[in-house]
There are 2 protein chains.
Amino acid sequence: MEQNTAIVIFQPSGRRGHVPLGTTLVEASRLLGVDIEAPCGEHHVCGKCKVRVEDGIFDKYAIHSSPDHAGPIEPAEEEILSLEEKHEGHRLGCTATVQGDLLVYVPESSRAGKQVVSKAARKIDIDLNPGVKQYSVKVEEPTLEDGMADLERVKSALESNYGLSSLTIDIYALRSLPSIVRSSHWEITVSVWMDKEIIRISPEAGCRGYGFAFDIGTTTIAGYLCDLGTGKVVGTYSTMNPQVKYGEDVVSRISYHMGNPGGLARMSSELIAAINGLIDKAAEGNRLDEDSEVATPESTIIRAEDILEIAFCSNTAMHHILLQLDPEPLGTIPFTPSIHGSVNFKCRDLGLHAHPAANAFFLPSIAGYVGGDTIGVMLAETPQSSEKIQLIIDIGTNGELVLGNKDKLLCSSCATGPALEGAQVEFGMRAAPGAIERLKIDPKTTDVDYKVIGRNAWRRYSKPEEMKTKGICGSGILDVLGELLLAGIVSKGGAFSQKARASDRFRENPETGLKEFVLAWANETSIGNDIVITQKDIRQIQMAKASIYTGCKLMMQHMGITHLDSIKIAGAFGTHIDKHLARVIGLIPDCSLETVSSVGNAAGDGCRAALLNREKRKEADQLCKKVAYLELTLEENFQGELVAATQLPHMTDRFHHLDGERILSRE
Amino acid sequence: MEQNTAIVIFQPSGRRGHVPLGTTLVEASRLLGVDIEAPCGEHHVCGKCKVRVEDGIFDKYAIHSSPDHAGPIEPAEEEILSLEEKHEGHRLGCTATVQGDLLVYVPESSRAGKQVVSKAARKIDIDLNPGVKQYSVKVEEPTLEDGMADLERVKSALESNYGLSSLTIDIYALRSLPSIVRSSHWEITVSVWMDKEIIRISPEAGCRGYGFAFDIGTTTIAGYLCDLGTGKVVGTYSTMNPQVKYGEDVVSRISYHMGNPGGLARMSSELIAAINGLIDKAAEGNRLDEDSEVATPESTIIRAEDILEIAFCSNTAMHHILLQLDPEPLGTIPFTPSIHGSVNFKCRDLGLHAHPAANAFFLPSIAGYVGGDTIGVMLAETPQSSEKIQLIIDIGTNGELVLGNKDKLLCSSCATGPALEGAQVEFGMRAAPGAIERLKIDPKTTDVDYKVIGRNAWRRYSKPEEMKTKGICGSGILDVLGELLLAGIVSKGGAFSQKARASDRFRENPETGLKEFVLAWANETSIGNDIVITQKDIRQIQMAKASIYTGCKLMMQHMGITHLDSIKIAGAFGTHIDKHLARVIGLIPDCSLETVSSVGNAAGDGCRAALLNREKRKEADQLCKKVAYLELTLEENFQGELVAATQLPHMTDRFHHLDGERILSRE
């Protein structure tokens with residue numbers, strides 16, 4: 001590489017590239033397709049372009065990032081940044097310059113094009129029977145003749161009115177008891193967790209109580225704020241998992257822990273901070289009558305203290321890292337988790353923002369690579385209660401598979417890697433404005449048409465400069481491979497075909513020597529460079545789809561079945577997936593397309609079900625024991641099947657025929 | 001008072017007096033009989049005389065103390081004190097001077113004559129069945145075929161080896177699990193609390209576990225460190241309750257809370273800090289083979305993390321303040337506590353130094369003024385299992401009384417005040433070197449002989465300057481009143497008699513106008529002033545003894561009994577009490593002296609029993625329900641009885657005869 005450039009990596013977007021020395025960080029972010037907010041026009045006054053320069057050696061990128069590599073702190077920064085911020089490596093993006101390799105974290109507040117995370121809560125039927133319930137009681141006032149203590153009075157009232165017995169009380173609830181019973185004239189509402197522990201004493205009758213269900217993904221965190229009294233989802237919140245800077249998949253997170261003392265605590269606390277960020281946003285942003293345009297009085301704002309329980313689902317590694325359980329055994333044979341069963345801890349012991357006596361509930365983990373998120377998927381999709389044989393594919397940074405029905409359930413995990421989410425692909429990016437999300441290729445002319453997030457018009461209906469294209473996100477990537485295949489530009493083996501070589505979009509990169517195909521020309525982009533798909537990118541996508549396909553196939557073989565009643569594709573990726581193309585590239589087993597459906601973030605739905613219905617928690621622990629785990633890599637024919645599955649299916653007339661139908665259905 | 005003096009009060013000793021302006025705090029402490037450590041000879045270099053000047057209005061002393069009243073901070077102090085110390089009001093006693101009224105707290109490290117707190121653990125029989133038990137297990141190692149998680153393996157081993165089921169686990173224990181099972185090759189010791197919760201995973205077989213039993217008195221904190229494996233008391237520790245600066249009895253603590261926002265949290269955290277001080281001292285000071293003179297290896301030192309449970313007993317107000325439960329209702333009719341039942345919280349939630357997963361157990365409280373300490377006394381003395389009718393008098397800053405046998409139990413509380421502990425008496429002081437602890441008066445000459453703590457020889461066998469007398473402690477105070485009465489110096493009503501007026505030790509103080517009797521002449525003291533007992537002092541002691549006597553009498557009347565099988569005097573005061581004199585002044589009901597015994601700190605013994613035997617915890621909760629509480633102040637004849645009881649008994653020949661025997665028995 002040239003001597004007068006340095007490598008700059010922006011997190012959490014993951015965009016990286018060589019940037020000329022002396023470039024400001026804001027300029028560098030534009031070159032790499034990451035927009036940093038700079039409302040003052042880079043006049044060094046607004047402080048909105050604040051970023052953090054990380055300090056350390058980042059093996060995975062082979063760079064050494066240091067605050068020194070961003071030049072000395074300038075007077076404008078001295079004025080705007082606090083001592084603490086400077087100490088933590090914060091800089092102004094408009095002022096600091098690239099003087100060496102840098103890993104730069106762009107806080108959410110400084111991101112111009114906010115990430116589009118699509119993890120909406122679906123409408124699923126949940127019988128309301130939450131872990132925390134509220135009981136209103138009128139308590140007998142003490143007299144000199146009846147000197148019974150406050151707590152014993154409350155317990156006696158709860159027992160005679162609601163049959164609750166042997167209740168314990170959290171210290172925080174006990175501390176609030178004497179003043180609240182007196183100020184509210186002995187009429188109170190008691191919040192009880194699992195009919196076991198008194199966690200809150202409230203003065204009002206019928207006072208509010210909320211719960212949060214969190215799906216902690218390797219890449220994305222999604223949270224659902226629910227009213228425990230009605231079961232209604234009051235708000236949906238999501239953000240990036242800040243751990244992405246330590247590696248995009250769970251294995252690299254485990255490696256980071258193993259190679260860095262304090263790494264586990266750091267990853268855990270960053271994750272907790274991100275979760276707390278969502279809780280705080282929910283607490284700030286939510287008013288009871290959110291549909292109303294009328295300003296609501298102060299008292300109806302939801303506060304963090306109104307959150308009485310938090311339920312979590314995640315893969316086993318995220319579960320362990322969040323709880324600061326050593327994830328090292330997950331990374332080595334026999335991949336043993338610290339704990340299977342569901343578990344409850346006090347939110348305060350984990351540093352979570354909630355009522356001080358609130359509990360955090362964690363769904364059980366099935367195995368080292370099949371966690372509470374898969375249990376969540378099953379709680380939502382209930383294959384365990386169905387006669388029909390279902391295959392559920394939960395596609396995230398890791399892929400989890402569930403196969404079976406009420407008689408037998410099998411699960412497994414496959415290392416898809418983040419390619420299908422847009423990472424580890426040259427111009428891959430996460431779902432954010434400017435990302436190619438839909439794409440088609442004319443088989444005759446090999447011309448490309450596409451659509452980006454944030455703009456409704458396709459390329460062919462736009463002027464080039466209107467596109468402001470930045471890269472390709474997950475759903476776009478599946479389209480790219482499918483279309484390249486359908487247009488005959490790549491062959492069954494994944495290599496560029498003779499037909500490709502005839503296209504003016506095909507070339508061999510003189511610098512990397514890699515063959516590549518141009519998807520968007522430089523004048524259509526906001527980064528000033530052609531956006532291409534490389535031969536290496538195609539291999540990554542082939543590997544990802546092969547690993548899912550192999551998993552499905554081996555599980556079916558293992559169970560001795562050839563027919564599936566339905567295939568459900570879960571995960572944020574699953575929401576956008578084109579099921580025709582999924583079959584075209586061989587991501588899913590061959591099947592009738594009517595049986596394939598997208599179920600969105602089923603893991604999050606299942607977690608919400610556990611928050612709102614305590615019977616679902618029992619079911620979760622039963623499922624955890626019932627479902628068998630298949631370690632795919634130990635199956636005799638795994639390697640052979642995997643290699644075979646990297647091949648792309650033969651293009652037949654049937655596919656070309658279907659394609660017309662597909663194109664129509666998508667527009 | 002003179003214009004050129006100011007009031008200085010030293011805490012925790014409680015000594016106070018007028019001191020000339022300009023006096024250094026070390027000089028002032030000498031004038032008032034409080035020794036501050038000053039090893040460098042007041043050359044402003046060693047920093048050992050560090051004290052803290054309190055800021056605020058102290059209603060109970062009618063003074064306004066302020067750091068400004070100790071003069072500006074001198075250069076020597078600038079050098080020695082940290083910024084934080086200066087901010088907190090710390091000064092060097094040798095350098096700061098009296099410029100106005102001051103309340104000065106002398107930290108234990110700066111006290112020259114360390115308090116002698118006599119709260120030794122007695123040998124009582126306790127069946128060893130502690131709340132925390134240790135189980136050694138060999139756990140099956142996981143394999144690819146058997147992928148069960150670490151925790152489920154440990155639980156399975158505990159169930160098959162020890163029949164323990166449905167165990168939960170503390171987050172801290174879970175965090176340590178994966179690395180400990182692996183490093184110790186799957187042979188571990190598991191500490192389980194109440195057969196319910198796994199709180200510690202240890203690598204060694206037969207590893208140590210300790211518990212602490214604390215008796216939190218209004219004035220004194222006593223702690224007993226016990227080996228949970230043997231039940232042996234490994235060490236006894238005690239210190240002053242730092243809350244004494246907010247008032248000497250529970251009512252003034254409650255008032256402090258009511259009058260000062262944040263007062264409850266402040267009192268609680270100071271108490272917790274004092275308890276932690278004892279735990280740290282125990283952890284530092286204890287080595288396993290403490291009897292051996294050979295230095296023990298580092299690994300046998302007891303660490304705070306080895307403390308797996310802490311049991312507490314205290315009066316209800318201390319219980320509430322420690323737990324930060326609003327004590328205000330305890331101070332107003334109908335004196336309702338927040339909670340009766342025994343209760344467990346995590347030590348970490350209370351800020352206690354111990355294993356991070358350790359639990360703190362609190363004995364139940366019977367009523368607003370009869371707390372877990374009285375339950376502790378009953379657990380140790382077991383009137384509930386006896387045919388014989390016992391009267392147990394626990395004398396502390398508050399007096400608690402228990403009367404009855406296995407058929408019926410009655411308890412009550414009387415406000416003795418701290419006079420019997422040496423406070424609220426002009427020259428009263430706590431049990432420390434220089435305190436008069438024994439005293440006798442020659443009825444013929446009215447001459448006084450006495451003994452001080454820290455010196456074996458009595459006054460008559462010493463040169464005056466050898467005595468270095470400073471004041472009178474609790475046991476001395478009882479002697480003073482008994483001897484004044486026996487010698488005919490005070491009359492039945494408590495007034496100085498004609499005989500007193502003939503003595504050269506009697507005088508009327510020209511300043512206060514109070515009649516007083518000299519116990520030690522100035523040349524025998526280290527404070528340069530005569531030590532006297534005043535008419536007001538005698539009234540205080542009369543009130544204290546009257547309140548106990550009245551309580552005993554009303555309880556006997558209430559229960560309809562006139563005969564007692566035994567009288568037990570408990571409390572630190574009870575250890576030193578002269579039972580003859582207790583009857584002479586009418587502290588206890590008239591009885592045969594053989595039936596009277598001292599049982600020492602029975603509350604602490606009972607607390608230790610609860611720590612070491614979980615059945616005692618059940619018994620405690622049963623007792624709490626069984627024992628009836630008598631509110632003495634509501635008894636019809638309370639005031640009349642109380643006034644009558646302030647009278648001192650008629651001196652009869654029988655007493656004079658007994659007196660000879662008594663003197664002999666004591667020397």
# chains A, B, ... in the order shown; residues from 1 in each chain; ligands from 1
>>> select_by_dssp(residues="range 205-397 of chain B", states="alpha helix (DSSP H)", output="PyMOL selection string")
chain B and resi 250-259+263-285+316-322+347-350+372-381
>>> closest_atom_pairs(of="chain A", to="chain B", cutoff="8 Å", atoms="only C-alpha atoms", output="CSV")
residue,atom,partner,partner_atom,distance
A:Pro142,CA,B:Pro334,CA,7.0
A:Thr143,CA,B:Pro334,CA,5.6
A:Leu144,CA,B:Pro334,CA,4.8
A:Gly147,CA,B:Thr336,CA,6.0
A:Met148,CA,B:Thr336,CA,6.9
A:Ala149,CA,B:Pro337,CA,4.9
A:Asp150,CA,B:Ser338,CA,4.8
A:Leu151,CA,B:Ile339,CA,5.1
A:Glu152,CA,B:Ile339,CA,6.5
A:Asp170,CA,B:Phe345,CA,7.9
A:Ile171,CA,B:Phe345,CA,7.0
A:Leu174,CA,B:Leu325,CA,7.2
A:Arg175,CA,B:Leu325,CA,4.8
A:Ser176,CA,B:Leu325,CA,7.7
A:Leu177,CA,B:Ser338,CA,7.3
A:Pro178,CA,B:Ser338,CA,5.9
A:Ser179,CA,B:Asp326,CA,7.1
A:Leu323,CA,B:Arg175,CA,7.7
A:Gln324,CA,B:Arg175,CA,6.4
A:Leu325,CA,B:Arg175,CA,4.8
A:Asp326,CA,B:Pro178,CA,6.4
A:Pro329,CA,B:Pro178,CA,7.6
A:Ile333,CA,B:Leu144,CA,7.1
A:Pro334,CA,B:Leu144,CA,4.9
A:Phe335,CA,B:Gly147,CA,7.6
A:Thr336,CA,B:Ala149,CA,5.5
A:Pro337,CA,B:Ala149,CA,4.9
A:Ser338,CA,B:Asp150,CA,4.8
A:Ile339,CA,B:Ala149,CA,5.0
A:His340,CA,B:Ala149,CA,5.8
A:Gly341,CA,B:Glu152,CA,7.9
A:Phe345,CA,B:Ile171,CA,7.0
A:Ala367,CA,B:Gly147,CA,7.3
>>> write_last_selection(atoms="N, CA, C and O atoms", output="compact mmCIF listing (two decimals), in the first residue's frame")
# COMPACT_ATOMS: atom_id res chain seq x y z
N PRO A 142 -52.12 -0.15 62.47
CA PRO A 142 -51.72 -0.66 63.78
C PRO A 142 -52.26 0.21 64.92
O PRO A 142 -52.47 1.41 64.74
N THR A 143 -52.47 -0.41 66.05
CA THR A 143 -52.91 0.32 67.25
C THR A 143 -52.04 -0.16 68.40
O THR A 143 -51.26 -1.09 68.24
N LEU A 144 -52.20 0.47 69.55
CA LEU A 144 -51.41 0.04 70.71
C LEU A 144 -51.78 -1.39 71.10
O LEU A 144 -50.95 -2.14 71.58
N GLY A 147 -50.02 -4.47 67.88
CA GLY A 147 -48.72 -3.88 67.55
C GLY A 147 -48.00 -4.58 66.40
O GLY A 147 -46.79 -4.44 66.26
N MET A 148 -48.74 -5.34 65.58
CA MET A 148 -48.08 -6.08 64.50
C MET A 148 -47.33 -5.13 63.57
O MET A 148 -47.79 -4.02 63.30
N ALA A 149 -46.18 -5.57 63.08
CA ALA A 149 -45.32 -4.72 62.25
C ALA A 149 -45.92 -4.51 60.87
O ALA A 149 -46.78 -5.28 60.42
N ASP A 150 -45.42 -3.50 60.17
CA ASP A 150 -45.95 -3.12 58.85
C ASP A 150 -45.95 -4.30 57.87
O ASP A 150 -46.95 -4.60 57.23
N LEU A 151 -44.81 -4.95 57.75
CA LEU A 151 -44.69 -6.01 56.74
C LEU A 151 -45.64 -7.16 57.03
O LEU A 151 -46.30 -7.67 56.12
N GLU A 152 -45.73 -7.56 58.27
CA GLU A 152 -46.61 -8.66 58.63
C GLU A 152 -48.08 -8.30 58.35
O GLU A 152 -48.88 -9.16 57.98
N ASP A 170 -37.81 -7.80 49.06
CA ASP A 170 -36.53 -7.21 48.70
C ASP A 170 -36.24 -6.04 49.64
O ASP A 170 -37.16 -5.33 50.06
N ILE A 171 -34.95 -5.85 49.95
CA ILE A 171 -34.57 -4.78 50.88
C ILE A 171 -35.06 -3.41 50.41
O ILE A 171 -35.50 -2.59 51.23
N LEU A 174 -38.71 -3.14 51.20
CA LEU A 174 -38.92 -3.01 52.65
C LEU A 174 -38.61 -1.59 53.11
O LEU A 174 -39.32 -1.02 53.94
N ARG A 175 -37.53 -1.02 52.53
CA ARG A 175 -37.16 0.35 52.93
C ARG A 175 -38.25 1.35 52.62
O ARG A 175 -38.42 2.34 53.32
N SER A 176 -39.01 1.12 51.55
CA SER A 176 -40.03 2.10 51.17
C SER A 176 -41.33 1.87 51.92
O SER A 176 -42.21 2.74 51.92
N LEU A 177 -41.45 0.69 52.54
CA LEU A 177 -42.75 0.29 53.12
C LEU A 177 -43.30 1.25 54.19
O LEU A 177 -44.42 1.75 54.04
N PRO A 178 -42.53 1.54 55.28
CA PRO A 178 -43.16 2.30 56.38
C PRO A 178 -43.68 3.67 55.95
O PRO A 178 -44.79 4.04 56.35
N SER A 179 -42.93 4.39 55.13
CA SER A 179 -43.43 5.73 54.78
C SER A 179 -44.59 5.64 53.80
O SER A 179 -45.54 6.42 53.89
N LEU A 323 -23.50 -11.96 31.32
CA LEU A 323 -23.46 -12.33 32.74
C LEU A 323 -22.03 -12.44 33.27
O LEU A 323 -21.84 -12.78 34.43
N GLN A 324 -21.05 -12.16 32.42
CA GLN A 324 -19.64 -12.32 32.79
C GLN A 324 -19.32 -13.74 33.22
O GLN A 324 -18.59 -13.97 34.19
N LEU A 325 -19.87 -14.71 32.49
CA LEU A 325 -19.52 -16.11 32.70
C LEU A 325 -18.43 -16.44 31.67
O LEU A 325 -18.58 -16.14 30.49
N ASP A 326 -17.37 -17.05 32.13
CA ASP A 326 -16.23 -17.36 31.27
C ASP A 326 -16.69 -18.06 29.98
O ASP A 326 -17.16 -19.20 30.02
N PRO A 329 -14.79 -21.98 27.65
CA PRO A 329 -15.18 -23.37 27.34
C PRO A 329 -16.12 -23.48 26.13
O PRO A 329 -16.18 -24.53 25.50
N ILE A 333 -13.58 -27.62 22.36
CA ILE A 333 -14.29 -28.90 22.52
C ILE A 333 -14.29 -29.28 23.99
O ILE A 333 -13.28 -29.09 24.64
N PRO A 334 -15.38 -29.74 24.62
CA PRO A 334 -16.68 -30.04 23.99
C PRO A 334 -17.70 -28.90 24.05
O PRO A 334 -18.88 -29.19 24.09
N PHE A 335 -17.25 -27.66 24.00
CA PHE A 335 -18.15 -26.49 23.89
C PHE A 335 -19.20 -26.43 25.01
O PHE A 335 -20.38 -26.21 24.76
N THR A 336 -18.75 -26.64 26.26
CA THR A 336 -19.70 -26.75 27.38
C THR A 336 -20.10 -25.38 27.92
O THR A 336 -19.24 -24.58 28.27
N PRO A 337 -21.40 -25.10 28.04
CA PRO A 337 -21.83 -23.84 28.67
C PRO A 337 -21.63 -23.90 30.19
O PRO A 337 -21.45 -24.98 30.75
N SER A 338 -21.65 -22.75 30.83
CA SER A 338 -21.60 -22.72 32.29
C SER A 338 -22.90 -23.20 32.89
O SER A 338 -22.93 -23.74 33.98
N ILE A 339 -24.00 -22.92 32.20
CA ILE A 339 -25.33 -23.20 32.76
C ILE A 339 -26.31 -23.42 31.62
O ILE A 339 -26.22 -22.75 30.59
N HIS A 340 -27.21 -24.37 31.79
CA HIS A 340 -28.30 -24.56 30.83
C HIS A 340 -29.56 -23.81 31.26
O HIS A 340 -30.15 -23.08 30.51
N GLY A 341 -29.98 -24.07 32.49
CA GLY A 341 -31.32 -23.70 32.94
C GLY A 341 -31.58 -22.20 32.89
O GLY A 341 -30.66 -21.38 32.87
N PHE A 345 -31.58 -13.12 38.13
CA PHE A 345 -30.71 -12.34 38.99
C PHE A 345 -31.34 -10.97 39.18
O PHE A 345 -32.20 -10.56 38.41
N ALA A 367 -27.23 -25.46 24.22
CA ALA A 367 -25.85 -25.94 24.05
C ALA A 367 -24.95 -24.74 23.83
O ALA A 367 -25.42 -23.59 23.81
>>> closest_residue(among="B:Ser385, B:Asn276, B:Ser160, B:Ser136", to="Pro203 in chain B", atoms="only C-alpha atoms")
B:Ser136
>>> residues_around(residues="Val627 in chain B", least_positions_apart="6", cutoff="12 Å", atoms="only C-alpha atoms", output="list in words")
Pro364, Ser365, Ile366, Ala367, Val370, Gly371, Thr374, Ile375, Met378, Pro383, Gln384, Leu401, Val402, Leu403, Gly404, Asn405, Lys406, Asp407, Lys408, Leu409, Leu410, Cys411, Ser412, Glu619, Ala620 and Asp621 of chain B
>>> residues_around(residues="Gly551 in chain B", least_positions_apart="2", cutoff="9 Å", atoms="only C-alpha atoms", output="MDAnalysis selection string")
chainID B and resid 400:401 412:414 546:549 553:556 632 638 642
